[in-house]
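Asks: So I've got this file, data-v2.tsv, and it contains TSV, C-alpha atoms:
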```tsv
chain	number	residue	atom	x	y	z
A	1	MET	CA	18.43	-24.79	-5.24
A	2	SER	CA	15.71	-25.45	-2.68
A	3	THR	CA	13.05	-23.10	-1.40
A	4	ALA	CA	13.52	-24.76	2.01
A	5	ALA	CA	17.20	-23.84	2.26
A	6	PRO	CA	17.74	-21.70	5.38
A	7	ILE	CA	18.79	-18.08	5.02
A	8	PRO	CA	22.37	-17.62	6.30
A	9	ALA	CA	22.78	-15.82	9.62
A	10	ASP	CA	22.56	-12.05	9.39
A	11	PRO	CA	25.96	-10.68	10.48
A	12	LEU	CA	24.34	-7.37	11.46
A	13	ALA	CA	21.49	-8.77	13.54
A	14	ASP	CA	23.23	-7.99	16.83
A	15	LEU	CA	23.38	-4.30	15.93
A	16	ALA	CA	19.93	-4.09	14.32
A	17	ASP	CA	17.32	-6.75	14.93
A	18	ALA	CA	14.60	-7.65	12.43
A	19	ASP	CA	12.08	-5.15	13.81
A	20	LEU	CA	14.54	-2.28	13.63
A	21	GLN	CA	15.55	-3.27	10.12
A	22	ARG	CA	11.93	-3.22	8.99
A	23	LEU	CA	11.44	0.12	10.69
A	24	ALA	CA	14.43	1.51	8.79
A	25	ALA	CA	12.94	0.29	5.50
A	26	ARG	CA	9.57	1.89	6.27
A	27	MET	CA	11.25	5.12	7.33
A	28	ALA	CA	13.20	5.24	4.08
A	29	GLN	CA	9.94	4.76	2.19
A	30	ASP	CA	8.16	7.55	4.08
A	31	VAL	CA	11.08	9.95	3.72
A	32	PHE	CA	11.43	9.24	0.01
A	33	ALA	CA	7.71	9.79	-0.58
A	34	GLY	CA	7.97	13.27	0.94
A	35	ILE	CA	11.17	14.06	-0.92
A	36	PHE	CA	9.71	12.93	-4.23
A	37	ARG	CA	6.74	15.28	-3.75
A	38	LEU	CA	9.23	18.13	-3.45
A	39	ALA	CA	10.78	17.07	-6.76
A	40	VAL	CA	7.38	16.99	-8.48
A	41	GLU	CA	6.25	20.36	-7.10
A	42	PRO	CA	9.44	22.33	-6.37
A	43	ASP	CA	9.36	25.45	-4.22
A	44	GLY	CA	12.87	26.60	-3.41
A	45	GLU	CA	12.25	28.40	-0.13
A	46	ARG	CA	9.83	25.82	1.22
A	47	ASP	CA	11.98	22.91	0.03
A	48	ALA	CA	15.03	24.14	1.94
A	49	VAL	CA	13.06	24.23	5.18
A	50	VAL	CA	11.50	20.81	4.61
A	51	LEU	CA	14.80	19.23	3.64
A	52	GLY	CA	16.42	20.59	6.76
A	53	GLU	CA	13.65	19.16	8.94
A	54	VAL	CA	13.80	15.77	7.21
A	55	ALA	CA	17.59	15.61	7.50
A	56	GLU	CA	17.35	16.41	11.20
A	57	ARG	CA	14.75	13.69	11.70
A	58	CYS	CA	16.85	11.10	9.87
A	59	PHE	CA	20.05	12.05	11.65
A	60	ASN	CA	18.41	12.04	15.07
A	61	TRP	CA	17.02	8.56	14.40
A	62	SER	CA	20.44	7.30	13.41
A	63	ARG	CA	21.99	8.81	16.54
A	64	ALA	CA	19.53	6.89	18.72
A	65	GLY	CA	21.66	3.76	18.29
A	66	SER	CA	23.20	2.29	21.42
A	67	ASP	CA	26.81	2.85	20.30
A	68	GLU	CA	28.81	4.25	17.40
A	69	ALA	CA	28.58	1.03	15.41
A	70	ALA	CA	24.79	0.86	15.81
A	71	ARG	CA	24.49	4.53	14.85
A	72	ALA	CA	26.59	4.06	11.74
A	73	LEU	CA	24.51	1.06	10.70
A	74	ARG	CA	21.24	2.93	11.21
A	75	LEU	CA	22.46	5.70	8.93
A	76	ALA	CA	23.75	3.19	6.38
A	77	LEU	CA	20.33	1.50	6.30
A	78	LEU	CA	18.53	4.80	5.75
A	79	VAL	CA	20.91	6.00	3.06
A	80	SER	CA	20.87	2.62	1.31
A	81	GLY	CA	17.07	2.60	1.33
A	82	LEU	CA	16.77	6.15	0.03
A	83	ASP	CA	19.37	5.47	-2.64
A	84	GLN	CA	17.47	2.39	-3.87
A	85	TRP	CA	14.16	4.24	-3.95
A	86	GLY	CA	15.81	7.00	-5.95
A	87	LEU	CA	17.38	4.58	-8.42
A	88	ALA	CA	14.08	2.76	-8.92
A	89	TYR	CA	12.13	5.94	-9.60
A	90	THR	CA	14.70	7.51	-11.90
A	91	GLN	CA	14.65	4.35	-13.99
A	92	ALA	CA	10.89	3.79	-13.90
A	93	PHE	CA	9.95	7.37	-14.74
A	94	GLN	CA	12.98	8.22	-16.89
A	95	LEU	CA	14.27	10.99	-14.64
A	96	ALA	CA	17.76	12.42	-14.96
A	97	ALA	CA	17.97	12.98	-11.20
A	98	ILE	CA	15.93	13.75	-8.09
A	99	PRO	CA	17.64	16.92	-6.77
A	100	PRO	CA	15.94	17.01	-3.31
A	101	LEU	CA	17.09	13.43	-2.68
A	102	SER	CA	20.67	14.26	-3.66
A	103	ALA	CA	20.54	17.27	-1.35
A	104	LEU	CA	19.25	15.17	1.54
A	105	LEU	CA	21.88	12.46	1.13
A	106	GLY	CA	24.61	15.10	0.93
A	107	ASN	CA	23.27	16.78	4.08
A	108	LEU	CA	23.38	13.51	6.02
A	109	ARG	CA	26.93	12.66	4.94
A	110	ASN	CA	28.20	16.18	5.62
A	111	ARG	CA	27.20	15.86	9.28
A	112	LEU	CA	29.76	13.11	9.84
A	113	ASP	CA	33.35	13.61	10.91
A	114	ALA	CA	36.09	11.54	9.26
A	115	THR	CA	35.87	8.67	11.76
A	116	ALA	CA	32.07	8.47	11.64
A	117	ASP	CA	32.10	8.65	7.84
A	118	ALA	CA	34.60	5.78	7.61
A	119	ARG	CA	32.44	3.69	9.93
A	120	PHE	CA	29.33	4.55	7.89
A	121	LEU	CA	31.07	3.53	4.66
A	122	GLN	CA	32.11	0.23	6.23
A	123	TYR	CA	28.51	-0.73	7.02
A	124	PHE	CA	27.21	0.63	3.73
A	125	ALA	CA	29.69	-1.62	1.93
A	126	THR	CA	28.67	-4.60	4.06
A	127	LEU	CA	25.04	-4.09	3.05
A	128	ASN	CA	26.07	-4.20	-0.61
A	129	ASP	CA	28.64	-6.98	-0.41
A	130	CYS	CA	26.98	-9.47	1.95
A	131	GLU	CA	23.61	-10.79	0.81
A	132	ALA	CA	22.48	-11.87	4.27
A	133	ALA	CA	23.44	-8.57	5.90
A	134	ALA	CA	20.24	-6.82	7.10
A	135	ILE	CA	18.18	-9.30	5.11
A	136	ASP	CA	14.92	-8.28	6.80
A	137	PHE	CA	15.59	-4.68	5.78
A	138	LYS	CA	16.24	-5.76	2.21
A	139	ILE	CA	13.07	-7.84	1.99
A	140	GLU	CA	10.88	-5.07	3.41
A	141	LEU	CA	12.52	-2.42	1.23
A	142	ARG	CA	12.32	-4.25	-2.08
A	143	ARG	CA	8.75	-5.37	-1.43
A	144	ALA	CA	7.74	-1.73	-0.94
A	145	ILE	CA	9.64	-0.49	-4.00
A	146	HIS	CA	8.32	-3.15	-6.35
A	147	LEU	CA	4.77	-2.85	-5.03
A	148	ALA	CA	4.82	0.96	-5.35
A	149	LEU	CA	5.84	0.70	-9.00
A	150	TRP	CA	3.21	-2.00	-9.56
A	151	HIS	CA	0.52	0.30	-8.15
A	152	ALA	CA	1.76	3.08	-10.45
A	153	MET	CA	1.48	0.68	-13.36
A	154	ALA	CA	-2.01	-0.42	-12.28
A	155	ALA	CA	-3.13	3.22	-12.34
A	156	CYS	CA	-2.05	3.69	-15.96
A	157	GLU	CA	-4.69	4.35	-18.59
A	158	THR	CA	-3.08	2.93	-21.71
A	159	THR	CA	-1.13	-0.15	-22.72
A	160	ALA	CA	1.84	2.01	-23.68
A	161	GLN	CA	1.91	3.54	-20.21
A	162	VAL	CA	1.72	0.09	-18.63
A	163	GLU	CA	4.63	-1.18	-20.71
A	164	ALA	CA	6.68	1.91	-19.86
A	165	ILE	CA	6.63	0.90	-16.18
A	166	VAL	CA	6.66	-2.89	-16.56
A	167	ARG	CA	9.96	-2.78	-18.45
A	168	PRO	CA	11.98	-0.94	-15.79
A	169	LEU	CA	10.21	-2.86	-13.01
A	170	GLY	CA	11.27	-6.12	-14.62
A	171	SER	CA	14.79	-4.79	-15.07
A	172	LEU	CA	14.98	-3.83	-11.40
A	173	MET	CA	13.91	-7.32	-10.40
A	174	LEU	CA	16.40	-8.98	-12.71
A	175	GLY	CA	19.15	-6.67	-11.50
A	176	LEU	CA	18.36	-7.66	-7.92
A	177	ASN	CA	18.59	-11.32	-8.87
A	178	GLU	CA	22.02	-10.73	-10.43
A	179	ARG	CA	23.36	-8.75	-7.47
A	180	MET	CA	22.08	-11.33	-4.97
A	181	PRO	CA	22.66	-14.71	-6.66
A	182	GLU	CA	22.01	-16.65	-3.43
A	183	LEU	CA	19.09	-14.80	-1.82
A	184	GLY	CA	17.75	-12.47	-4.49
A	185	TRP	CA	15.14	-14.98	-5.61
A	186	ARG	CA	13.60	-14.89	-2.13
A	187	LEU	CA	13.16	-11.12	-2.35
A	188	LEU	CA	11.60	-11.50	-5.79
A	189	ALA	CA	9.25	-14.21	-4.53
A	190	ASP	CA	8.17	-11.95	-1.68
A	191	ALA	CA	7.54	-9.06	-4.08
A	192	LEU	CA	5.58	-11.20	-6.54
A	193	ALA	CA	3.48	-12.61	-3.70
A	194	SER	CA	2.70	-9.06	-2.57
A	195	ILE	CA	1.65	-8.14	-6.11
A	196	GLN	CA	-0.63	-11.17	-6.37
A	197	MET	CA	-2.20	-10.32	-3.00
A	198	ALA	CA	-2.80	-6.76	-4.18
A	199	LEU	CA	-4.56	-8.12	-7.27
A	200	LEU	CA	-6.75	-10.43	-5.20
A	201	ALA	CA	-7.51	-7.76	-2.61
A	202	ALA	CA	-8.68	-5.11	-5.07
A	203	PRO	CA	-12.13	-4.11	-3.70
A	204	ASN	CA	-13.79	-3.83	-7.11
A	205	GLY	CA	-11.62	-6.34	-8.91
A	206	ALA	CA	-8.26	-5.62	-10.47
A	207	SER	CA	-8.26	-3.24	-13.41
A	208	ALA	CA	-7.52	-4.49	-16.90
A	209	GLN	CA	-4.26	-2.54	-16.80
A	210	ALA	CA	-3.23	-4.17	-13.53
A	211	GLN	CA	-3.93	-7.65	-14.87
A	212	GLU	CA	-2.25	-6.97	-18.19
A	213	GLY	CA	0.84	-5.45	-16.59
A	214	THR	CA	1.14	-8.28	-14.10
A	215	GLN	CA	0.95	-10.87	-16.88
A	216	GLN	CA	3.64	-9.00	-18.81
A	217	LEU	CA	5.85	-8.81	-15.73
A	218	PHE	CA	5.57	-12.52	-14.96
A	219	ALA	CA	6.19	-13.40	-18.62
A	220	SER	CA	9.30	-11.22	-18.80
A	221	LEU	CA	10.73	-12.82	-15.66
A	222	ARG	CA	9.92	-16.31	-16.94
A	223	HIS	CA	11.80	-15.65	-20.17
A	224	ALA	CA	14.78	-13.92	-18.56
A	225	LEU	CA	15.42	-16.15	-15.54
A	226	PRO	CA	16.76	-19.71	-15.54
A	227	ALA	CA	13.81	-22.11	-15.40
A	228	GLU	CA	14.83	-23.60	-12.05
A	229	ARG	CA	15.09	-20.20	-10.40
A	230	TYR	CA	11.79	-18.99	-11.85
A	231	GLN	CA	10.01	-22.12	-10.63
A	232	ALA	CA	11.50	-21.65	-7.15
A	233	ILE	CA	10.24	-18.07	-7.13
A	234	LEU	CA	6.76	-19.18	-8.21
A	235	ALA	CA	6.64	-21.94	-5.59
A	236	HIS	CA	7.77	-19.67	-2.78
A	237	SER	CA	5.40	-16.84	-3.75
A	238	GLY	CA	2.56	-19.32	-4.25
A	239	GLN	CA	2.99	-20.62	-0.70
A	240	ALA	CA	2.84	-17.08	0.66
A	241	VAL	CA	-0.31	-16.26	-1.32
A	242	LEU	CA	-1.98	-19.49	-0.21
A	243	ALA	CA	-1.20	-18.74	3.43
A	244	TRP	CA	-2.60	-15.23	2.99
A	245	GLN	CA	-5.80	-16.56	1.40
A	246	GLN	CA	-6.28	-19.05	4.24
A	247	ALA	CA	-5.80	-16.28	6.80
A	248	GLN	CA	-8.33	-14.11	4.95
A	249	ARG	CA	-10.90	-16.91	4.93
A	250	ALA	CA	-10.32	-17.64	8.62
A	251	GLN	CA	-10.75	-13.97	9.47
A	252	ALA	CA	-13.95	-13.77	7.39
A	253	GLY	CA	-15.26	-16.84	9.18
A	254	GLN	CA	-14.59	-15.30	12.58
A	255	GLU	CA	-16.31	-12.08	11.59
A	256	GLY	CA	-19.28	-14.00	10.26
A	257	ARG	CA	-19.70	-15.79	13.59
A	258	ALA	CA	-19.35	-12.59	15.62
```
Translate this file's structure into structure tokens.
Replies:
Amino acid sequence: MSTAAPIPADPLADLADADLQRLAARMAQDVFAGIFRLAVEPDGERDAVVLGEVAERCFNWSRAGSDEAARALRLALLVSGLDQWGLAYTQAFQLAAIPPLSALLGNLRNRLDATADARFLQYFATLNDCEAAAIDFKIELRRAIHLALWHAMAACETTAQVEAIVRPLGSLMLGLNERMPELGWRLLADALASIQMALLAAPNGASAQAQEGTQQLFASLRHALPAERYQAILAHSGQAVLAWQQAQRAQAGQEGRA
């Protein structure tokens, strides 16, 4: 396996280019953040209104596609993203379910007629079955999920709390590697690079918990992954971090001369 091997062509790129895929991933993140707040602080009457507004926003965005295929793919991207955020948080925080999320996903599916639902399911299955399908969406999405859990870990106060998040975070990463045997390592490398950048960018230096948790995470991946794959991940993430550091130094130099 080579870090220089090209990523296969995205079969969905004609329906959703890279920018739209990244937008879908960010939208899923924003929507999930609002939905999760409803789960943490439930208020039945308020929640129903908010869920209705969010569902309308999501559905309207999906309907903005140029044709029925593009619309179905937009909805599949959103639902896939929300579903993965929900799975990650239920595992990381040991939740039985996230009721507002289930309600939202049900609302979105219930708006579809039989033909639209079949088309949606077709694209949803393609996202799951084809690693290269919507690859820019997948990279953006998993980076955000893994980094969000890392930040939650970094905010912990005790070693036990750190370990309670590192374990499911590591499991999520390993699960991704298993589901995407060809391209999953690239997503992991991107996520690990983002974590290292967050450590380096901490304004007052990374906390002891952040450093400890990161070391545990890297160690767990090193022990669980085949050596060749782990080294490829490290090399790829290292290149990204180096490029980021060089860009930071160049920017600092420009600001110093201004």
Asks: Have a look at A:Pro100, A:Gly52, A:Pro11, A:Pro226 and name the one nearest to Asp129 (chain A); count all atoms listed in the file.
Replies: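 Answer, going by the shortest atom-to-atom distance: A:Pro11.
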Asks: What does the structure give for the distance between CA of Ala191 (chain A) and CA of Ala160 (chain A), in Å to one decimal?
Replies: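 Spanning CA of Ala191 (chain A) to CA of Ala160 (chain A) is a straight-line distance of 23.2 Å.
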Asks: In Å, how far is it from CA of Arg249 (chain A) to CA of Ala210 (chain A)?
Replies: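 Answer for the CA of Arg249 (chain A) to CA of Ala210 (chain A) separation: 23.7 Å.
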Asks: Interatomic distance between CA of Glu131 (chain A) and CA of Asn177 (chain A)?
Replies: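 Between CA of Glu131 (chain A) and CA of Asn177 (chain A) the gap is 10.9 Å.
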Asks: Would you kindly return, as a list in words, each protein, DNA or RNA residue with an atom no farther than 10 Å from any atom of Ser80 (chain A), considering all atoms listed in the file and excluding same-chain residues fewer than 6 positions away?
Replies: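 Using all atoms listed in the file, the neighbours found are Ala24, Ala25, Ala28, Arg74, Gly86, Leu105, Phe124, Ala125, Leu127, Asn128, Lys138 and Leu141 of chain A.
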Asks: From the options A:Gln161, A:Ala39, A:Gly170, A:Gly65, which residue's atoms come nearest to Ser102 (chain A), counting only C-alpha atoms?
Replies: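 Looking at the shortest contact to Ser102 (chain A), the residue is A:Ala39.
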Asks: Taking into account all atoms listed in the file, which residue in the set A:Ala132, A:Leu172, A:Ala198, A:Val50 is nearest to Arg37 (chain A)?
Replies: A:Val50
Asks: Which is closer to Asp136 (chain A) than all the others in A:Asp43, A:Asp83, A:Asp190, A:Glu182, using all atoms listed in the file?
Replies: A:Asp190
Asks: Need to verify the contact set: Gly213 (chain A), 9 Å, all atoms listed in the file, exclusion of same-chain residues closer than 4 positions in sequence. Can you return it as a PDB file with C-alpha atoms, in the frame of the given file?
Replies:
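As a result, around-v9.pdb now contains:
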```
ATOM      1  CA  TRP A 150       3.210  -2.000  -9.560  1.00  0.00           C
ATOM      2  CA  MET A 153       1.480   0.680 -13.360  1.00  0.00           C
ATOM      3  CA  ALA A 154      -2.010  -0.420 -12.280  1.00  0.00           C
ATOM      4  CA  THR A 159      -1.130  -0.150 -22.720  1.00  0.00           C
ATOM      5  CA  VAL A 162       1.720   0.090 -18.630  1.00  0.00           C
ATOM      6  CA  GLU A 163       4.630  -1.180 -20.710  1.00  0.00           C
ATOM      7  CA  ILE A 165       6.630   0.900 -16.180  1.00  0.00           C
ATOM      8  CA  VAL A 166       6.660  -2.890 -16.560  1.00  0.00           C
ATOM      9  CA  ALA A 208      -7.520  -4.490 -16.900  1.00  0.00           C
ATOM     10  CA  GLN A 209      -4.260  -2.540 -16.800  1.00  0.00           C
ATOM     11  CA  LEU A 217       5.850  -8.810 -15.730  1.00  0.00           C
ATOM     12  CA  PHE A 218       5.570 -12.520 -14.960  1.00  0.00           C
TER      13      PHE A 218
END
```
Asks: Go through A:Phe137, A:Tyr89, A:Phe36, A:Trp61 one by one, measure the shortest atom-to-atom distance of each to Ala16 (chain A) using only C-alpha atoms, and give the residue with the smallest value.
Replies: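 So, comparing all the options, the nearest one is A:Phe137.
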Asks: Using all atoms listed in the file and a cutoff of 10 Å, can you tell me which residues are near (11.9, -5.1, -1.6) in the file's coordinates, and write them out as a ChimeraX atom specification?
Replies: /A:25,81,84-85,136-147,173,176,184,186-191
Asks: Neighbours of Ala9 (chain A) within 10 Å (all atoms listed in the file; same-chain residues fewer than 4 positions away dropped), as a PyMOL selection string?
Replies: chain A and resi 13+132-135
Asks: For each of A:Gln216, A:Glu255, A:Glu68, A:Leu38, take the minimum atom-to-atom distance to Val54 (chain A), counting only C-alpha atoms, then give the residue where this is smallest.
Replies: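 Closest to Val54 (chain A), using only C-alpha atoms: A:Leu38.
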Asks: Skip Asp117 (chain A) itself and residues of its chain fewer than 3 positions away, then list as JSON, numbers by chain all residues within 12 Å of it, counting only C-alpha atoms.
Replies: {"A": [68, 69, 71, 72, 73, 75, 76, 108, 109, 110, 111, 112, 113, 114, 120, 121, 122, 123, 124]}
